[in-house]
$ cat input-v9.txt   # compact mmCIF, C-alpha atoms
# COMPACT_ATOMS: atom_id res chain seq x y z
CA MET A 1 18.91 -4.03 30.13
CA THR A 2 19.70 -6.37 27.21
CA GLU A 3 17.48 -6.04 24.17
CA LYS A 4 16.66 -9.22 22.30
CA VAL A 5 16.65 -8.45 18.58
CA LEU A 6 15.90 -10.42 15.42
CA LEU A 7 17.66 -9.02 12.32
CA ILE A 8 16.22 -10.02 8.93
CA ASP A 9 18.02 -9.16 5.68
CA ASP A 10 18.97 -11.19 2.60
CA GLU A 11 22.55 -9.78 2.63
CA GLN A 12 24.61 -12.13 4.84
CA ASP A 13 27.61 -9.73 4.99
CA PHE A 14 25.32 -6.97 6.24
CA LEU A 15 23.87 -9.24 8.94
CA ASP A 16 27.33 -10.44 10.04
CA ALA A 17 28.77 -6.95 10.50
CA LEU A 18 25.68 -5.32 12.03
CA SER A 19 25.01 -8.18 14.46
CA GLU A 20 28.64 -8.15 15.66
CA ARG A 21 28.41 -4.42 16.36
CA MET A 22 25.08 -4.81 18.14
CA ARG A 23 26.38 -7.67 20.29
CA ALA A 24 29.35 -5.47 21.27
CA ARG A 25 26.69 -3.05 22.57
CA ASP A 26 25.14 -5.71 24.81
CA MET A 27 22.25 -6.68 22.59
CA GLU A 28 21.23 -10.29 22.12
CA VAL A 29 21.00 -10.70 18.35
CA THR A 30 19.64 -13.49 16.15
CA THR A 31 19.81 -13.19 12.35
CA SER A 32 17.98 -14.63 9.37
CA THR A 33 18.44 -14.18 5.61
CA SER A 34 14.94 -15.49 4.95
CA ALA A 35 11.70 -13.73 5.88
CA VAL A 36 9.87 -17.08 5.81
CA ASP A 37 12.31 -18.64 8.32
CA ALA A 38 12.22 -15.48 10.43
CA LEU A 39 8.43 -15.71 10.74
CA LYS A 40 8.81 -19.21 12.18
CA MET A 41 11.47 -17.90 14.60
CA ALA A 42 9.21 -15.02 15.69
CA LYS A 43 6.44 -17.51 16.48
CA LYS A 44 8.73 -19.64 18.66
CA GLU A 45 10.83 -16.98 20.40
CA SER A 46 10.03 -13.67 22.02
CA TYR A 47 11.94 -10.61 20.75
CA ASP A 48 11.99 -7.01 21.95
CA ALA A 49 12.39 -5.76 18.41
CA ILE A 50 12.59 -7.08 14.87
CA VAL A 51 14.68 -5.19 12.31
CA LEU A 52 13.36 -6.12 8.89
CA ASP A 53 14.56 -5.35 5.35
CA LEU A 54 11.75 -4.07 3.16
CA MET A 55 12.88 -5.81 -0.04
CA MET A 56 13.44 -9.53 0.38
CA PRO A 57 13.19 -12.55 -1.92
CA GLU A 58 10.27 -14.96 -1.32
CA MET A 59 8.30 -12.50 0.78
CA ASP A 60 8.68 -8.72 0.87
CA GLY A 61 9.05 -6.77 4.11
CA LEU A 62 5.51 -5.39 4.19
CA GLU A 63 4.06 -8.87 3.74
CA ALA A 64 6.32 -10.18 6.52
CA LEU A 65 5.33 -7.21 8.72
CA GLN A 66 1.63 -8.03 8.28
CA GLU A 67 2.25 -11.69 9.18
CA ILE A 68 4.32 -10.79 12.27
CA LYS A 69 1.68 -8.32 13.49
CA LYS A 70 -1.12 -10.82 12.85
CA ASN A 71 0.57 -13.50 14.97
CA ASN A 72 2.07 -11.22 17.58
CA PRO A 73 0.57 -7.69 17.73
CA GLU A 74 2.84 -6.46 20.53
CA LEU A 75 6.03 -7.26 18.58
CA GLN A 76 7.88 -4.10 17.57
CA VAL A 77 9.09 -4.06 13.96
CA ILE A 78 11.60 -1.53 12.60
CA LEU A 79 11.77 -1.54 8.81
CA LEU A 80 15.07 -0.95 7.04
CA THR A 81 15.16 -0.12 3.37
CA GLY A 82 17.63 0.81 0.66
CA HIS A 83 15.10 3.16 -0.85
CA ALA A 84 12.68 4.89 1.50
CA THR A 85 9.74 6.61 -0.14
CA VAL A 86 7.15 8.57 1.81
CA GLU A 87 4.42 6.27 0.44
CA LYS A 88 6.19 3.11 1.61
CA GLY A 89 6.87 4.71 5.01
CA ILE A 90 3.20 5.62 5.47
CA GLU A 91 2.11 2.16 4.31
CA ALA A 92 4.53 0.52 6.77
CA MET A 93 3.35 2.67 9.69
CA LYS A 94 -0.29 1.93 8.80
CA LEU A 95 0.52 -1.77 8.89
CA GLY A 96 1.93 -1.36 12.38
CA ALA A 97 5.68 -0.76 11.91
CA THR A 98 7.26 0.97 14.91
CA ASP A 99 9.74 2.85 12.76
CA PHE A 100 11.18 3.15 9.26
CA LEU A 101 14.90 3.70 8.55
CA GLU A 102 16.89 4.13 5.35
CA LYS A 103 20.10 2.22 4.58
CA PRO A 104 22.94 2.88 5.23
CA THR A 105 21.86 3.64 8.75
CA ASP A 106 23.67 5.07 11.74
CA LEU A 107 23.98 2.44 14.49
CA LYS A 108 23.38 5.05 17.20
CA THR A 109 20.01 5.93 15.64
CA LEU A 110 19.10 2.26 15.17
CA THR A 111 20.07 1.47 18.78
CA GLU A 112 17.87 4.32 20.06
CA LYS A 113 14.96 3.04 17.97
CA ILE A 114 15.49 -0.50 19.30
CA LYS A 115 15.53 0.79 22.91
CA ASN A 116 12.33 2.78 22.27
CA ALA A 117 10.75 -0.32 20.71
CA HIS A 118 11.74 -2.37 23.76
CA THR A 119 10.13 0.17 26.12
CA LYS A 120 7.00 0.31 23.97
CA LYS A 121 6.74 -3.47 24.01
CA MET A 122 7.17 -3.60 27.79
CA ILE A 123 4.38 -1.04 28.26
CA LEU A 124 2.11 -3.06 25.96
CA VAL A 125 2.91 -6.33 27.76
CA GLU A 126 2.35 -4.67 31.16
CA LYS A 127 -0.99 -3.27 29.95
CA GLN A 128 -2.02 -6.72 28.74
CA ALA A 129 -1.05 -8.25 32.11
CA GLU A 130 -2.99 -5.53 33.95
CA GLU A 131 -6.08 -6.22 31.82
CA LYS A 132 -5.76 -9.95 32.52
CA ILE A 133 -5.58 -9.29 36.26
CA LYS A 134 -8.62 -6.97 36.04
CA LYS A 135 -10.56 -9.69 34.22
CA ILE A 136 -9.60 -12.31 36.83
CA LEU A 137 -10.58 -9.93 39.62
CA ALA A 138 -13.92 -9.24 37.94
CA VAL A 139 -14.66 -12.96 37.53
CA LYS A 140 -13.45 -14.05 40.96
CA GLY A 141 -14.95 -11.01 42.66
CA TRP A 142 -12.04 -10.47 45.07
CA MET B 1 1.39 7.11 -35.14
CA ASN B 2 1.37 9.83 -32.43
CA ASN B 3 -0.47 7.52 -30.08
CA GLN B 4 2.07 4.78 -30.85
CA TRP B 5 4.98 7.08 -29.95
CA GLU B 6 3.16 8.17 -26.79
CA ILE B 7 2.87 4.53 -25.74
CA ILE B 8 6.52 3.80 -26.59
CA GLY B 9 7.76 6.96 -24.87
CA GLY B 10 5.56 6.41 -21.80
CA GLU B 11 6.49 2.75 -21.45
CA GLY B 12 10.15 3.57 -22.08
CA LEU B 13 10.12 6.15 -19.31
CA LEU B 14 8.43 3.73 -16.90
CA PHE B 15 11.06 1.11 -17.77
CA PHE B 16 13.89 3.62 -17.26
CA GLY B 17 12.45 4.56 -13.85
CA LYS B 18 12.01 0.94 -12.80
CA MET B 19 15.60 0.05 -13.70
CA SER B 20 17.04 3.21 -12.08
CA ALA B 21 15.15 2.52 -8.84
CA SER B 22 16.36 -1.08 -8.79
CA ILE B 23 19.99 -0.07 -9.46
CA SER B 24 19.95 2.66 -6.78
CA HIS B 25 18.46 0.17 -4.31
CA GLU B 26 21.26 -2.28 -5.05
CA ILE B 27 23.91 0.42 -4.57
CA LYS B 28 22.32 1.33 -1.22
CA ASN B 29 22.62 -2.30 -0.13
CA VAL B 30 26.33 -2.26 -1.00
CA LEU B 31 26.80 1.03 0.87
CA ALA B 32 25.02 -0.45 3.91
CA ILE B 33 27.50 -3.37 4.01
CA ILE B 34 30.50 -1.04 3.62
CA ASN B 35 29.03 1.21 6.32
CA GLU B 36 28.69 -1.66 8.83
CA ASN B 37 32.19 -2.98 8.08
CA ASN B 38 33.55 0.54 8.51
CA GLY B 39 31.71 0.66 11.84
CA LEU B 40 33.42 -2.58 12.86
CA ILE B 41 36.84 -1.06 12.02
CA GLU B 42 35.95 1.89 14.29
CA ASP B 43 34.82 -0.50 17.06
CA TYR B 44 38.02 -2.57 16.84
CA THR B 45 40.13 0.60 16.87
CA VAL B 46 38.39 1.93 20.00
CA MET B 47 38.85 -1.48 21.67
CA ALA B 48 42.56 -1.55 20.73
CA GLU B 49 42.98 2.00 22.09
CA LYS B 50 41.47 0.80 25.35
CA GLY B 51 44.08 -1.95 25.56
CA ALA B 52 42.34 -4.92 23.91
CA PRO B 53 44.76 -7.14 21.94
CA PHE B 54 45.15 -5.97 18.33
CA ASP B 55 44.21 -8.69 15.82
CA PRO B 56 45.50 -7.87 12.29
CA GLY B 57 43.57 -10.85 10.87
CA LYS B 58 40.26 -9.17 11.74
CA PHE B 59 41.29 -5.98 9.93
CA ARG B 60 42.45 -7.96 6.90
CA SER B 61 39.15 -9.81 6.75
CA LEU B 62 37.21 -6.52 6.91
CA ALA B 63 39.40 -4.98 4.20
CA GLU B 64 38.67 -8.00 1.96
CA LYS B 65 34.92 -7.66 2.59
CA VAL B 66 34.99 -3.96 1.73
CA ALA B 67 37.06 -4.63 -1.42
CA LEU B 68 34.50 -7.24 -2.50
CA GLN B 69 31.65 -4.76 -2.10
CA ILE B 70 33.60 -2.10 -4.02
CA ARG B 71 33.99 -4.57 -6.92
CA ARG B 72 30.28 -5.35 -6.67
CA ALA B 73 29.37 -1.64 -6.76
CA ASP B 74 31.72 -1.12 -9.71
CA GLY B 75 29.92 -3.85 -11.66
CA ILE B 76 26.50 -2.36 -10.82
CA ILE B 77 27.60 1.13 -11.89
CA LYS B 78 29.16 -0.19 -15.14
CA ASN B 79 25.82 -1.83 -15.99
CA MET B 80 23.99 1.35 -15.04
CA ASN B 81 26.25 3.35 -17.33
CA THR B 82 25.75 0.95 -20.26
CA PHE B 83 21.99 1.06 -19.62
CA ALA B 84 21.94 4.89 -19.50
CA HIS B 85 23.85 5.07 -22.81
CA SER B 86 21.56 2.53 -24.48
CA ILE B 87 19.22 5.41 -25.36
CA ASP B 88 21.96 7.53 -27.05
CA GLU B 89 21.40 6.30 -30.59
CA PRO B 90 18.12 5.31 -32.27
CA ALA B 91 19.84 2.29 -33.80
CA LYS B 92 23.18 0.63 -33.18
CA SER B 93 25.01 -2.53 -34.22
CA ILE B 94 25.19 -4.98 -31.30
CA ASP B 95 26.34 -8.55 -30.70
CA LEU B 96 23.10 -10.14 -29.47
CA SER B 97 24.86 -12.81 -27.35
CA ASP B 98 26.83 -10.17 -25.44
CA PHE B 99 23.77 -7.97 -25.21
CA LEU B 100 21.72 -10.80 -23.72
CA GLY B 101 24.43 -11.32 -21.09
CA PHE B 102 24.19 -7.64 -20.21
CA ALA B 103 20.37 -7.83 -20.04
CA GLN B 104 20.64 -10.82 -17.73
CA ALA B 105 22.96 -8.90 -15.37
CA LEU B 106 20.64 -5.88 -15.46
CA PHE B 107 17.55 -7.92 -14.61
CA ALA B 108 19.26 -10.26 -12.11
CA ARG B 109 17.93 -8.45 -9.04
CA PHE B 110 14.32 -8.78 -10.23
CA ALA B 111 14.88 -12.50 -10.77
CA VAL B 112 16.35 -12.91 -7.27
CA MET B 113 13.36 -11.08 -5.77
CA LYS B 114 11.03 -13.52 -7.52
CA GLY B 115 13.19 -16.48 -6.51
CA ILE B 116 13.98 -17.25 -10.17
CA ALA B 117 17.32 -18.41 -11.60
CA LEU B 118 18.22 -16.97 -15.01
CA GLU B 119 20.15 -19.61 -16.91
CA PRO B 120 22.12 -18.59 -20.00
CA LYS B 121 21.95 -21.34 -22.64
CA PRO B 122 24.73 -21.78 -25.22
CA SER B 123 24.27 -18.99 -27.74
CA GLU B 124 25.78 -18.40 -31.15
CA SER B 125 28.61 -15.91 -31.07
CA ASN B 126 29.12 -13.00 -33.45
CA LEU B 127 25.36 -12.51 -33.76
CA MET B 128 25.44 -8.95 -35.07
CA ILE B 129 22.16 -7.06 -35.52
CA THR B 130 21.33 -3.37 -35.83
CA THR B 131 18.58 -2.33 -33.45
CA SER B 132 17.52 0.18 -30.81
CA PRO B 133 19.35 -1.10 -27.71
CA PHE B 134 17.10 0.68 -25.20
CA PHE B 135 13.81 -0.48 -26.66
CA LEU B 136 15.17 -3.97 -27.20
CA LEU B 137 16.01 -4.09 -23.49
CA ASN B 138 12.50 -2.92 -22.72
CA LEU B 139 11.00 -5.63 -24.92
CA ILE B 140 13.29 -8.30 -23.41
CA TRP B 141 12.06 -7.12 -19.99
CA PHE B 142 8.40 -7.52 -21.01
CA CYS B 143 9.11 -11.08 -22.20
CA LEU B 144 11.24 -11.91 -19.16
CA ASP B 145 8.69 -10.55 -16.69
CA LEU B 146 6.07 -12.88 -18.12
CA SER B 147 8.59 -15.74 -18.39
CA MET B 148 9.50 -15.47 -14.69
CA ASP B 149 5.82 -15.83 -13.75
CA ALA B 150 5.60 -18.84 -16.10
CA ALA B 151 8.76 -20.57 -14.83
CA GLY B 152 6.84 -23.24 -12.90
CA PRO B 153 8.13 -25.26 -9.93
CA GLU B 154 11.72 -25.41 -11.23
CA LYS B 155 11.88 -21.60 -11.01
CA THR B 156 14.42 -21.34 -13.84
CA VAL B 157 14.24 -19.34 -17.06
CA GLY B 158 16.68 -20.26 -19.83
CA LEU B 159 17.96 -17.48 -22.10
CA SER B 160 19.54 -18.02 -25.50
CA ALA B 161 20.32 -16.20 -28.74
CA ARG B 162 20.45 -17.84 -32.15
CA LYS B 163 20.75 -16.89 -35.81
CA THR B 164 17.71 -16.98 -38.11
CA ASP B 165 17.33 -16.48 -41.88
CA THR B 166 16.20 -12.89 -41.37
CA GLY B 167 18.24 -11.90 -38.32
CA ALA B 168 18.28 -13.39 -34.84
CA GLN B 169 16.07 -14.86 -32.17
CA ILE B 170 16.04 -14.67 -28.37
CA GLY B 171 14.54 -17.71 -26.65
CA PHE B 172 13.00 -17.72 -23.17
CA THR B 173 12.78 -21.40 -22.24
CA GLY B 174 11.65 -23.72 -19.44
CA LEU B 175 8.29 -21.96 -19.05
CA LYS B 176 6.27 -24.86 -17.68
CA ASP B 177 3.37 -22.66 -16.51
CA LEU B 178 3.07 -20.63 -19.71
CA GLY B 179 -0.48 -21.84 -20.30
CA LYS B 180 -1.53 -20.84 -16.78
CA VAL B 181 -0.15 -17.29 -16.87
CA LEU B 182 -1.24 -16.41 -20.40
CA THR B 183 -4.68 -15.23 -19.37
CA GLY B 184 -4.62 -11.87 -21.18
CA GLU B 185 -3.32 -10.86 -24.57
CA PHE B 186 0.44 -11.17 -25.08
CA PRO B 187 1.87 -9.28 -26.85
CA GLY B 188 -0.59 -6.67 -25.60
CA GLU B 189 -1.10 -2.94 -26.05
CA LYS B 190 2.23 -1.93 -24.48
CA GLU B 191 4.33 -4.50 -26.37
CA LYS B 192 2.81 -4.08 -29.85
CA PRO B 193 4.11 -0.53 -30.64
CA MET B 194 7.56 -1.60 -29.46
CA LEU B 195 7.46 -4.69 -31.65
CA GLU B 196 6.54 -2.46 -34.56
CA LEU B 197 9.40 -0.05 -33.85
CA LEU B 198 11.90 -2.90 -33.64
CA LYS B 199 10.28 -4.74 -36.57
CA ALA B 200 10.19 -7.70 -34.25
CA GLU B 201 7.78 -10.54 -33.62
CA ILE B 202 6.88 -12.62 -30.57
CA LYS B 203 6.05 -16.30 -31.03
CA ILE B 204 4.66 -18.36 -28.18
CA GLU B 205 5.01 -22.15 -28.02
CA GLU B 206 2.89 -23.22 -25.07
CA GLU B 207 3.57 -26.97 -25.51
CA ILE B 208 7.34 -26.64 -25.27
CA GLY B 209 7.18 -23.72 -22.79
CA GLU B 210 9.03 -21.16 -24.85
CA ILE B 211 8.67 -17.53 -25.86
CA MET B 212 10.63 -16.55 -28.96
CA LEU B 213 11.50 -12.97 -29.81
CA ASN B 214 12.40 -12.69 -33.51
CA LEU B 215 14.53 -9.71 -34.47
CA PRO B 216 15.51 -8.43 -37.93
CA ARG B 217 19.14 -8.06 -38.98
CA ASP B 218 18.61 -4.30 -39.26
CA ILE B 219 15.65 -2.16 -38.20
CA GLY B 220 16.70 0.39 -40.83
CA LEU B 221 16.50 3.59 -38.75

$ encode --input "input-v9.txt" --output "structure tokens"
Amino acid sequence: MTEKVLLIDDEQDFLDALSERMRARDMEVTTSTSAVDALKMAKKESYDAIVLDLMMPEMDGLEALQEIKKNNPELQVILLTGHATVEKGIEAMKLGATDFLEKPTDLKTLTEKIKNAHTKKMILVEKQAEEKIKKILAVKGW
Amino acid sequence: MNNQWEIIGGEGLLFFGKMSASISHEIKNVLAIINENNGLIEDYTVMAEKGAPFDPGKFRSLAEKVALQIRRADGIIKNMNTFAHSIDEPAKSIDLSDFLGFAQALFARFAVMKGIALEPKPSESNLMITTSPFFLLNLIWFCLDLSMDAAGPEKTVGLSARKTDTGAQIGFTGLKDLGKVLTGEFPGEKEKPMLELLKAEIKIEEEIGEIMLNLPRDIGL
């Protein structure tokens, strides 16, 4: 099962290397160095997981996280940061982040978190579909 | 006087913490890039061991990327070291033009985060003054923090150093929105004790969009 991932970080060299490694592991990866551009991409395309840097120019990661969750609540966001504090981690989880990882990260751990995020999203989407069907059944009375 | 030192010490410690956190964050970013490039080397090696064609160009490119990040980290750590030693002596003779260049490098990450370009303007060379380097950096930061908010749509803050009759002056220019951001008192309670310690003065020219930090030739400590 191929995971579709959006990687957001203002360090182009980081994006280049990480995305190449992820693609070699059968993931479909899109990258963006701008949180503002990435928000537009997340509105247009569907992703299984978004990996987002916490400290970005223009818009910080928590702000971007809030925007993503507002527009698309089932989207799974994994936050990456150069400096993880407990406070930031708690704040991120409260705002709906799926996970919180510190840089430099181990790709095996990140991959596991992406796979978990994918599963979580599928369950959420299935639940939503089930609820829709229930509503239709209730209205149509079949 | 005790209260004044409490403010200076407290603000100084906050400033030291802010800079240290920013520097460590930047180093982590460099380490993350090196880590991913190292991972790519491992991936290519495994692929070559499994019989994939070996491409030396790919390895050379990765080595160049890692070398670039090592140079970047070296620059960050050199600045960190200079910053850490800025507190060693209560007063020291410095060349203000060079010092301003160092301050610009130290605060560059904050400017990038705010989407601001710091633009060094031609400064006079051999601008020697005797001052407290650490607290001068702290005061420059206070002025720059406000200047970045006042930069206006061009998002550029000019920095320059010039000689005056009594010492030297640092100019923060291009502050088109100075009038809009100056809602409270500036210099305020945290800047005033530091100005007193450095025997410095802040002048604000709203019409031309400039903050001027006047420094004496010698603070006499």

$ closest_residue --input "input-v9.txt" --among "A:Leu39, A:Leu80, A:Val125, A:Leu137" --to "chain B" --atoms "only C-alpha atoms"
A:Leu80

$ residues_around --input "input-v9.txt" --residues "Glu58 of chain A" --least-positions-apart "2" --cutoff "9 Å" --atoms "all atoms listed in the file" --output "ChimeraX atom specification"
/A:34-36,56,60 /B:112-115

$ interface_residues --input "input-v9.txt" --of "chain B" --to "chain A" --cutoff "7 Å" --atoms "all atoms listed in the file" --output "VMD selection string"
chain B and resid 25 28 to 29 31 to 33 35 to 37 40 112 to 115

$ residues_around --input "input-v9.txt" --residues "Ile90 of chain A" --least-positions-apart "6" --cutoff "10 Å" --atoms "only C-alpha atoms" --output "MDAnalysis selection string"
chainID A and resid 96:97 100

$ atom_distance --input "input-v9.txt" --atom1 "atom CA of Glu210 of chain B" --atom2 "atom CA of Pro193 of chain B"
22.0 Å

$ closest_residue --input "input-v9.txt" --among "A:Val86, A:Ala49, A:Ala64, A:Ala92" --to "Asp37 of chain A" --atoms "all atoms listed in the file"
A:Ala64

$ atom_distance --input "input-v9.txt" --atom1 "atom CA of Glu201 of chain B" --atom2 "atom CA of Gly167 of chain B"
11.5 Å

$ residues_near_point --input "input-v9.txt" --point "(23.4, -14.3, 19.8)" --cutoff "10 Å" --atoms "only C-alpha atoms" --output "number ranges by chain"
A: 4-6, 19-20, 22-23, 27-31

$ write_last_selection --input "input-v9.txt" --atoms "C-alpha atoms" --output "compact mmCIF listing (two decimals), in the frame of the given file"
# COMPACT_ATOMS: atom_id res chain seq x y z
CA LYS A 4 16.66 -9.22 22.30
CA VAL A 5 16.65 -8.45 18.58
CA LEU A 6 15.90 -10.42 15.42
CA SER A 19 25.01 -8.18 14.46
CA GLU A 20 28.64 -8.15 15.66
CA MET A 22 25.08 -4.81 18.14
CA ARG A 23 26.38 -7.67 20.29
CA MET A 27 22.25 -6.68 22.59
CA GLU A 28 21.23 -10.29 22.12
CA VAL A 29 21.00 -10.70 18.35
CA THR A 30 19.64 -13.49 16.15
CA THR A 31 19.81 -13.19 12.35

$ atom_distance --input "input-v9.txt" --atom1 "atom CA of Lys78 of chain B" --atom2 "atom CA of Pro90 of chain B"
21.1 Å

$ residues_around --input "input-v9.txt" --residues "Glu91 of chain A" --least-positions-apart "4" --cutoff "12 Å" --atoms "all atoms listed in the file" --output "ChimeraX atom specification"
/A:54,61-63,65-66,79,84-87,95-100

$ residues_near_point --input "input-v9.txt" --point "(23.8, 1.3, -17.3)" --cutoff "6 Å" --atoms "only C-alpha atoms" --output "number ranges by chain"
B: 78-84

$ residues_around --input "input-v9.txt" --residues "Gln104 of chain B" --least-positions-apart "2" --cutoff "9 Å" --atoms "all atoms listed in the file" --output "list in words"
Phe99, Leu100, Gly101, Phe102, Leu106, Phe107, Ala108, Leu118, Glu119, Pro120 and Leu159 of chain B

$ write_last_selection --input "input-v9.txt" --atoms "C-alpha atoms" --output "PDB file, keeping the file's coordinate frame"
ATOM      1  CA  PHE B  99      23.770  -7.970 -25.210  1.00  0.00           C
ATOM      2  CA  LEU B 100      21.720 -10.800 -23.720  1.00  0.00           C
ATOM      3  CA  GLY B 101      24.430 -11.320 -21.090  1.00  0.00           C
ATOM      4  CA  PHE B 102      24.190  -7.640 -20.210  1.00  0.00           C
ATOM      5  CA  LEU B 106      20.640  -5.880 -15.460  1.00  0.00           C
ATOM      6  CA  PHE B 107      17.550  -7.920 -14.610  1.00  0.00           C
ATOM      7  CA  ALA B 108      19.260 -10.260 -12.110  1.00  0.00           C
ATOM      8  CA  LEU B 118      18.220 -16.970 -15.010  1.00  0.00           C
ATOM      9  CA  GLU B 119      20.150 -19.610 -16.910  1.00  0.00           C
ATOM     10  CA  PRO B 120      22.120 -18.590 -20.000  1.00  0.00           C
ATOM     11  CA  LEU B 159      17.960 -17.480 -22.100  1.00  0.00           C
TER      12      LEU B 159
END

$ residues_around --input "input-v9.txt" --residues "segment 49-60 of chain B" --least-positions-apart "6" --cutoff "12 Å" --atoms "all atoms listed in the file" --output "list of chain:residue names"
A:Ala17, B:Asn37, B:Asn38, B:Gly39, B:Leu40, B:Ile41, B:Glu42, B:Asp43, B:Val66, B:Ala67

$ axis_aligned_box --input "input-v9.txt" --around "segment 180-191 of chain B" --padding-each-side "5 Å" --output "lines of an AutoDock Vina configuration file"
center_x = -0.2
center_y = -11.4
center_z = -21.8
size_x = 19.0
size_y = 28.9
size_z = 20.1

$ closest_residue --input "input-v9.txt" --among "A:Lys94, A:Asp9, A:Arg25, A:Ala38" --to "Leu52 of chain A" --atoms "only C-alpha atoms"
A:Asp9

$ closest_residue --input "input-v9.txt" --among "B:Phe134, B:Phe172, B:Trp141, B:Phe16" --to "Ser86 of chain B" --atoms "all atoms listed in the file"
B:Phe134
